[in-house]
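> Input: one structure, supplied below.
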Amino acid sequence: MQYRTLGRTGVQVSSLTLGAMNFGRIGRTTQDEATAVVDAALEGGINVIDTADMYSDGESEEMVGKAIAGRRDDIVLATKANMPMGDERNHQGSSRRWLVTELDNSLRRLGVDHVDLYQIHRWDPRTGDEETLSALTDLQRAGKIRYFGSSTFPAYRLVQAQWAAREFHLGRYVTEQPSYSILQRGIETHVLPVTEQYGLGVLVWSPLASGWLSGAVREGREITTSRSTVMPERFDTTIPSNRARLDAVERLAGLAEEAGLTMIQLALGFVTAHPAVTSAIIGPRTLDHLHAQLAAADTVLSADVLDAIDAIVAPGVDLAAHEKFDTPPALLDPSLRRR
């Protein structure tokens, strides 16, 4: 396992992070299974666990808390808030009112008195940066969080938040958690240059592109991944963007075979090769998934392999741009771009 410094915090983190989204109802994972995955991940050298309040409506945090009991200080523990937690209109967002309340809920579910990294799950256009950053700064000063970060923010919002922190003398986001894979390289254009400029740690999610790069998706095979059963439209190869992904996967599979690598090694080795990336979040549902991903922990791709990947999917290109979560709202809602 490789270890890197998380932005400018001085904290040393593993190049792979254990993502806990599949713990609980989403991944149909039991507590015993989740604990076994955590045990194996820690034994394999992973020292970061990332979860969120909304994963299975808090069940993931509860399972993580039970799995790490007695060894919390050995783990860099990260969670997130902002997404809806129920139907109440104010049980979501990035307001001081909600963040103060929901952090206490997360701490209770996790069974800890603080988290190392508290992340805003998505940019909230209804809430000003000063409101959110002042709440996070106060929570940090209270000792309930050590650091705070953003997740899937557009590049211009990252810049704005850094400006607001300086303007109002508040704590700043020290990490960003964007989506990044060989098939979704758009963040190379704007987001990663910004994170490098401001010295942010970067924890990337979906490095296996929702299973497209796991080795299980190939031409002529029925697609039966767990994600394909939940979001079948993202794997319907009659859709042009999905056809483009499958074509790229076939070429990448040939490249991996030629290099003596698994598809997982190719995919994780690619994202962790970028100098702006601190750690890649893996989300194993089973021990077999985890072991296959841990096998890629020390993968270092040669320049020739990286150049070949660039020839298959060009730098800065998203093969499924419509699936991005950091698109400015006005591009999605016509009413926001009409007078």
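Residues are named by chain letter and number: chains run A, B, ... in the order of the structure tokens, numbers start at 1 in each chain, and ligands are numbered from 1 in the order shown.
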Would you pick out the contacts of stretch 218-235 of chain A at 10 Å or less, using only C-alpha atoms, so that residues sharing its chain but fewer than 4 positions from it are not included, and give the list as a list of chain:residue names?
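Contacts, with the query itself left out: A:Ile26, A:Gly27, A:Ser210, A:Gly211, A:Trp212, A:Leu213, A:Ser214, A:Ile239, A:Ser241, A:Asn242, A:Arg243, A:Arg245, A:Leu246, A:Asp247, A:Val249, A:Glu250, A:Ala253, A:Arg285, A:Ala320, A:Glu323.
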> Need the shell around A:Leu133: protein/DNA/RNA residues with any atom at most 8 Å away, counting only C-alpha atoms. Skip same-chain ones fewer than 6 positions apart. Format as a PyMOL selection string?
chain A and resi 165+170-172
> Keeping only all heavy atoms, take the residues you just selected and write them out as a PDB file, in the first residue's frame.

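New file out13.pdb:
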```pdb
ATOM      1  N   ALA A 165     -13.648  31.711   2.364  1.00  0.00           N
ATOM      2  CA  ALA A 165     -12.932  31.378   3.592  1.00  0.00           C
ATOM      3  C   ALA A 165     -11.918  32.474   3.933  1.00  0.00           C
ATOM      4  O   ALA A 165     -11.792  32.881   5.097  1.00  0.00           O
ATOM      5  CB  ALA A 165     -12.229  30.035   3.432  1.00  0.00           C
ATOM      6  N   LEU A 170     -12.521  32.354   7.812  1.00  0.00           N
ATOM      7  CA  LEU A 170     -13.093  31.093   8.243  1.00  0.00           C
ATOM      8  C   LEU A 170     -12.191  29.935   7.821  1.00  0.00           C
ATOM      9  O   LEU A 170     -11.298  30.106   6.992  1.00  0.00           O
ATOM     10  CB  LEU A 170     -14.484  30.906   7.618  1.00  0.00           C
ATOM     11  CG  LEU A 170     -15.530  31.963   7.981  1.00  0.00           C
ATOM     12  CD1 LEU A 170     -16.755  31.832   7.085  1.00  0.00           C
ATOM     13  CD2 LEU A 170     -15.922  31.839   9.452  1.00  0.00           C
ATOM     14  N   GLY A 171     -12.447  28.766   8.411  1.00  0.00           N
ATOM     15  CA  GLY A 171     -11.742  27.576   7.956  1.00  0.00           C
ATOM     16  C   GLY A 171     -12.102  27.287   6.515  1.00  0.00           C
ATOM     17  O   GLY A 171     -13.142  27.709   6.006  1.00  0.00           O
ATOM     18  N   ARG A 172     -11.236  26.537   5.825  1.00  0.00           N
ATOM     19  CA  ARG A 172     -11.465  26.282   4.411  1.00  0.00           C
ATOM     20  C   ARG A 172     -11.602  24.787   4.153  1.00  0.00           C
ATOM     21  O   ARG A 172     -11.169  23.962   4.947  1.00  0.00           O
ATOM     22  CB  ARG A 172     -10.305  26.840   3.576  1.00  0.00           C
ATOM     23  CG  ARG A 172      -9.009  26.070   3.741  1.00  0.00           C
ATOM     24  CD  ARG A 172      -7.850  26.692   2.968  1.00  0.00           C
ATOM     25  NE  ARG A 172      -6.697  25.794   2.941  1.00  0.00           N
ATOM     26  CZ  ARG A 172      -6.358  25.029   1.914  1.00  0.00           C
ATOM     27  NH1 ARG A 172      -7.073  25.062   0.798  1.00  0.00           N
ATOM     28  NH2 ARG A 172      -5.311  24.229   1.964  1.00  0.00           N
TER      29      ARG A 172
END
```
> Suppose you want the space between atom CA of A:Val202 and atom CA of A:Thr272; what is it in Å?
10.2 Å
> So, with only C-alpha atoms as the atoms that count, which of A:Ile75, A:Leu200, A:Leu192, A:Leu18 lies closest to A:Tyr173?
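The shortest atom-to-atom distance to A:Tyr173 comes from A:Leu200.
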> So that I can see what lies close to stretch 50-57 of chain A, please list as a ChimeraX atom specification the residues with an atom at most 6 Å from it, counting only C-alpha atoms and leaving out residues fewer than 6 positions away in the same chain.
/A:19-21,25-26,78-81
> Let me make sure I understand: among A:Arg108, A:Ile120, A:Thr137, A:Arg157, which one has the smallest atom-to-atom distance to A:Gly93 if we use only C-alpha atoms?
A:Ile120
> For the strand (DSSP E) assignment from backbone DSSP, which residues of stretch 41-185 of chain A qualify? Please present them as a list in words.
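Filtering stretch 41-185 of chain A down to strand (DSSP E) leaves Val48, Ile49, Asp50, Val76, Leu77, Ala78, Thr79, Lys80, Ala81, Val115, Asp116, Leu117, Tyr118, Gln119, Ile120, Ile145, Arg146, Tyr147, Phe148, Gly149, Ser150, Ser151, Thr175, Glu176 and Gln177 of chain A.
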> Keeping only N, CA, C and O atoms, write the selected residues as a compact mmCIF listing (two decimals), in the first residue's frame.

```txt
# COMPACT_ATOMS: atom_id res chain seq x y z
N VAL A 48 -8.20 4.67 5.66
CA VAL A 48 -9.28 5.66 5.52
C VAL A 48 -10.58 4.94 5.22
O VAL A 48 -10.64 4.08 4.33
N ILE A 49 -11.64 5.29 5.94
CA ILE A 49 -12.98 4.78 5.67
C ILE A 49 -13.89 5.96 5.42
O ILE A 49 -13.93 6.91 6.21
N ASP A 50 -14.61 5.91 4.31
CA ASP A 50 -15.50 7.00 3.90
C ASP A 50 -16.93 6.51 3.83
O ASP A 50 -17.23 5.50 3.19
N VAL A 76 -8.57 7.02 9.74
CA VAL A 76 -9.01 8.35 9.31
C VAL A 76 -10.46 8.18 8.87
O VAL A 76 -10.75 7.58 7.83
N LEU A 77 -11.37 8.68 9.67
CA LEU A 77 -12.80 8.43 9.48
C LEU A 77 -13.46 9.64 8.82
O LEU A 77 -13.36 10.76 9.31
N ALA A 78 -14.12 9.39 7.70
CA ALA A 78 -14.76 10.46 6.93
C ALA A 78 -16.23 10.15 6.72
O ALA A 78 -16.60 9.00 6.46
N THR A 79 -17.05 11.18 6.83
CA THR A 79 -18.46 11.03 6.47
C THR A 79 -18.92 12.30 5.77
O THR A 79 -18.15 13.25 5.60
N LYS A 80 -20.18 12.30 5.34
CA LYS A 80 -20.70 13.41 4.54
C LYS A 80 -22.12 13.74 4.96
O LYS A 80 -22.82 12.89 5.52
N ALA A 81 -22.54 14.95 4.66
CA ALA A 81 -23.92 15.39 4.90
C ALA A 81 -24.31 16.36 3.80
O ALA A 81 -23.46 16.91 3.11
N VAL A 115 -15.26 13.10 13.93
CA VAL A 115 -14.84 12.51 12.67
C VAL A 115 -13.64 13.30 12.18
O VAL A 115 -13.48 14.49 12.48
N ASP A 116 -12.79 12.63 11.42
CA ASP A 116 -11.58 13.30 10.94
C ASP A 116 -11.87 14.21 9.75
O ASP A 116 -11.23 15.25 9.61
N LEU A 117 -12.81 13.81 8.91
CA LEU A 117 -13.13 14.59 7.72
C LEU A 117 -14.63 14.63 7.52
O LEU A 117 -15.27 13.59 7.37
N TYR A 118 -15.21 15.83 7.55
CA TYR A 118 -16.65 16.02 7.36
C TYR A 118 -16.83 16.73 6.03
O TYR A 118 -16.30 17.84 5.82
N GLN A 119 -17.57 16.11 5.11
CA GLN A 119 -17.65 16.61 3.74
C GLN A 119 -19.08 17.03 3.37
O GLN A 119 -20.04 16.36 3.74
N ILE A 120 -19.16 18.12 2.63
CA ILE A 120 -20.45 18.56 2.09
C ILE A 120 -20.69 17.77 0.82
O ILE A 120 -19.97 17.92 -0.18
N ILE A 145 -15.13 17.82 14.54
CA ILE A 145 -14.51 17.44 13.27
C ILE A 145 -13.08 17.97 13.26
O ILE A 145 -12.79 19.01 13.86
N ARG A 146 -12.20 17.24 12.60
CA ARG A 146 -10.81 17.69 12.51
C ARG A 146 -10.60 18.56 11.27
O ARG A 146 -9.90 19.56 11.31
N TYR A 147 -11.17 18.12 10.16
CA TYR A 147 -11.07 18.85 8.89
C TYR A 147 -12.41 18.78 8.18
O TYR A 147 -13.26 17.95 8.50
N PHE A 148 -12.59 19.66 7.19
CA PHE A 148 -13.81 19.55 6.39
C PHE A 148 -13.47 19.74 4.92
O PHE A 148 -12.46 20.35 4.55
N GLY A 149 -14.33 19.14 4.08
CA GLY A 149 -14.09 19.15 2.64
C GLY A 149 -15.39 19.20 1.86
O GLY A 149 -16.48 19.22 2.43
N SER A 150 -15.24 19.19 0.55
CA SER A 150 -16.38 19.23 -0.36
C SER A 150 -16.43 17.93 -1.15
O SER A 150 -15.48 17.15 -1.15
N SER A 151 -17.55 17.72 -1.82
CA SER A 151 -17.69 16.52 -2.65
C SER A 151 -18.46 16.87 -3.91
O SER A 151 -19.57 17.40 -3.85
N THR A 175 -10.22 19.29 1.29
CA THR A 175 -10.31 18.16 0.37
C THR A 175 -11.48 18.35 -0.59
O THR A 175 -12.41 19.11 -0.31
N GLU A 176 -11.42 17.64 -1.69
CA GLU A 176 -12.52 17.54 -2.64
C GLU A 176 -12.68 16.07 -3.00
O GLU A 176 -11.69 15.33 -3.13
N GLN A 177 -13.93 15.63 -3.16
CA GLN A 177 -14.21 14.24 -3.52
C GLN A 177 -15.00 14.20 -4.83
O GLN A 177 -16.23 14.25 -4.83
```
> Go through stretch 176-236 of chain A and collect every residue that DSSP, computed from the backbone, puts in helix (DSSP H, G or I); the answer should be as a list of chain:residue names.
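Selecting the helix (DSSP H, G or I) positions of stretch 176-236 of chain A gives A:Gly186, A:Ile187, A:Glu188, A:Val191, A:Leu192, A:Pro193, A:Val194, A:Thr195, A:Glu196, A:Gln197, A:Tyr198, A:Ala209, A:Ser210, A:Gly211, A:Ser226, A:Arg227, A:Ser228, A:Thr229, A:Val230, A:Pro232, A:Glu233, A:Arg234, A:Phe235.
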> I need the chosen residues saved as a compact mmCIF listing (two decimals), in the first residue's frame, with N, CA and C atoms.

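This is the output file part.txt:
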```
# COMPACT_ATOMS: atom_id res chain seq x y z
N GLY A 186 -13.48 14.22 -17.19
CA GLY A 186 -13.77 15.65 -17.29
C GLY A 186 -13.12 16.50 -16.22
N ILE A 187 -12.91 15.93 -15.02
CA ILE A 187 -12.35 16.76 -13.94
C ILE A 187 -10.90 17.15 -14.21
N GLU A 188 -10.27 16.49 -15.18
CA GLU A 188 -8.90 16.88 -15.53
C GLU A 188 -8.86 18.28 -16.14
N VAL A 191 -11.45 20.82 -12.53
CA VAL A 191 -11.44 20.54 -11.09
C VAL A 191 -10.03 20.24 -10.58
N LEU A 192 -9.32 19.32 -11.21
CA LEU A 192 -8.00 18.95 -10.70
C LEU A 192 -6.99 20.10 -10.75
N PRO A 193 -7.00 20.94 -11.80
CA PRO A 193 -6.11 22.10 -11.73
C PRO A 193 -6.41 23.02 -10.55
N VAL A 194 -7.70 23.14 -10.19
CA VAL A 194 -8.06 23.98 -9.04
C VAL A 194 -7.59 23.34 -7.74
N THR A 195 -7.80 22.03 -7.59
CA THR A 195 -7.36 21.38 -6.35
C THR A 195 -5.85 21.46 -6.19
N GLU A 196 -5.12 21.38 -7.29
CA GLU A 196 -3.67 21.52 -7.21
C GLU A 196 -3.28 22.95 -6.82
N GLN A 197 -3.99 23.91 -7.38
CA GLN A 197 -3.69 25.32 -7.09
C GLN A 197 -3.86 25.63 -5.61
N TYR A 198 -4.91 25.07 -4.99
CA TYR A 198 -5.21 25.38 -3.59
C TYR A 198 -4.72 24.31 -2.62
N ALA A 209 -15.85 3.12 -12.48
CA ALA A 209 -16.93 3.58 -13.36
C ALA A 209 -18.19 2.73 -13.19
N SER A 210 -18.61 2.57 -11.93
CA SER A 210 -19.84 1.82 -11.61
C SER A 210 -19.81 0.39 -12.14
N GLY A 211 -18.62 -0.18 -12.23
CA GLY A 211 -18.48 -1.56 -12.66
C GLY A 211 -18.06 -1.74 -14.10
N SER A 226 -24.27 -5.63 -9.99
CA SER A 226 -25.31 -5.15 -9.06
C SER A 226 -25.79 -3.76 -9.45
N ARG A 227 -24.87 -2.91 -9.93
CA ARG A 227 -25.26 -1.56 -10.31
C ARG A 227 -26.17 -1.57 -11.53
N SER A 228 -25.97 -2.52 -12.45
CA SER A 228 -26.80 -2.58 -13.65
C SER A 228 -28.24 -2.95 -13.34
N THR A 229 -28.46 -3.65 -12.24
CA THR A 229 -29.84 -4.00 -11.85
C THR A 229 -30.56 -2.80 -11.24
N VAL A 230 -29.79 -1.89 -10.66
CA VAL A 230 -30.38 -0.70 -10.04
C VAL A 230 -30.58 0.42 -11.06
N PRO A 232 -30.44 0.29 -14.86
CA PRO A 232 -30.25 -0.41 -16.14
C PRO A 232 -29.98 0.51 -17.32
N GLU A 233 -30.50 1.75 -17.27
CA GLU A 233 -30.31 2.67 -18.39
C GLU A 233 -28.84 3.04 -18.57
N ARG A 234 -28.04 2.93 -17.52
CA ARG A 234 -26.63 3.25 -17.62
C ARG A 234 -25.81 2.12 -18.25
N PHE A 235 -26.46 1.00 -18.51
CA PHE A 235 -25.76 -0.15 -19.09
C PHE A 235 -26.45 -0.65 -20.36
```
> Excluding same-chain residues fewer than 4 positions from A:Ala267, what lies within 8 Å of it counting only C-alpha atoms, as a list in words?
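After dropping sequence-adjacent residues, the list is Ser181, Ile182, Pro207, Leu208, Leu213, Met263 and Val271 of chain A.
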> May I have the selected residues written with N, CA, C and O atoms, as a short mmCIF file (atom, residue, chain, number, x, y, z; two decimals), in the first residue's frame?

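See part17.cif below for the written result:
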```cif
data_model
loop_
_atom_site.label_atom_id
_atom_site.label_comp_id
_atom_site.auth_asym_id
_atom_site.auth_seq_id
_atom_site.Cartn_x
_atom_site.Cartn_y
_atom_site.Cartn_z
N SER A 181 -12.58 8.47 -13.42
CA SER A 181 -12.19 7.16 -13.93
C SER A 181 -11.64 7.34 -15.35
O SER A 181 -11.71 8.44 -15.92
N ILE A 182 -11.16 6.25 -15.93
CA ILE A 182 -10.69 6.31 -17.32
C ILE A 182 -11.81 6.76 -18.24
O ILE A 182 -11.57 7.46 -19.22
N PRO A 207 -13.86 4.99 -9.26
CA PRO A 207 -12.73 4.78 -10.16
C PRO A 207 -12.93 3.59 -11.10
O PRO A 207 -12.27 3.50 -12.13
N LEU A 208 -13.87 2.69 -10.74
CA LEU A 208 -14.20 1.56 -11.62
C LEU A 208 -15.41 1.86 -12.49
O LEU A 208 -15.96 0.96 -13.15
N LEU A 213 -15.41 -0.88 -15.45
CA LEU A 213 -13.98 -1.20 -15.51
C LEU A 213 -13.59 -2.32 -14.55
O LEU A 213 -12.41 -2.49 -14.25
N MET A 263 -8.17 -5.64 -15.32
CA MET A 263 -8.85 -4.37 -15.60
C MET A 263 -8.90 -3.49 -14.35
O MET A 263 -8.78 -2.27 -14.43
N VAL A 271 -6.10 6.16 -12.06
CA VAL A 271 -6.54 7.32 -11.28
C VAL A 271 -5.50 7.71 -10.23
O VAL A 271 -5.30 8.90 -9.94
#
```
> What separation in Å, quoted to one decimal, exists between atom CA of A:Asn90 and atom CA of A:Thr127?
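Pair atom CA of A:Asn90 / atom CA of A:Thr127 returns 11.9 Å.
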> Which one of A:Ser15, A:Val37, A:Ala248, A:Ile282 sits closest to A:Ile264 if you count only C-alpha atoms?
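Closest candidate: A:Ile282.
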> Could you tell me how far atom CA of A:Ala161 sits from atom CA of A:Phe270, in Å to one decimal place?
28.7 Å
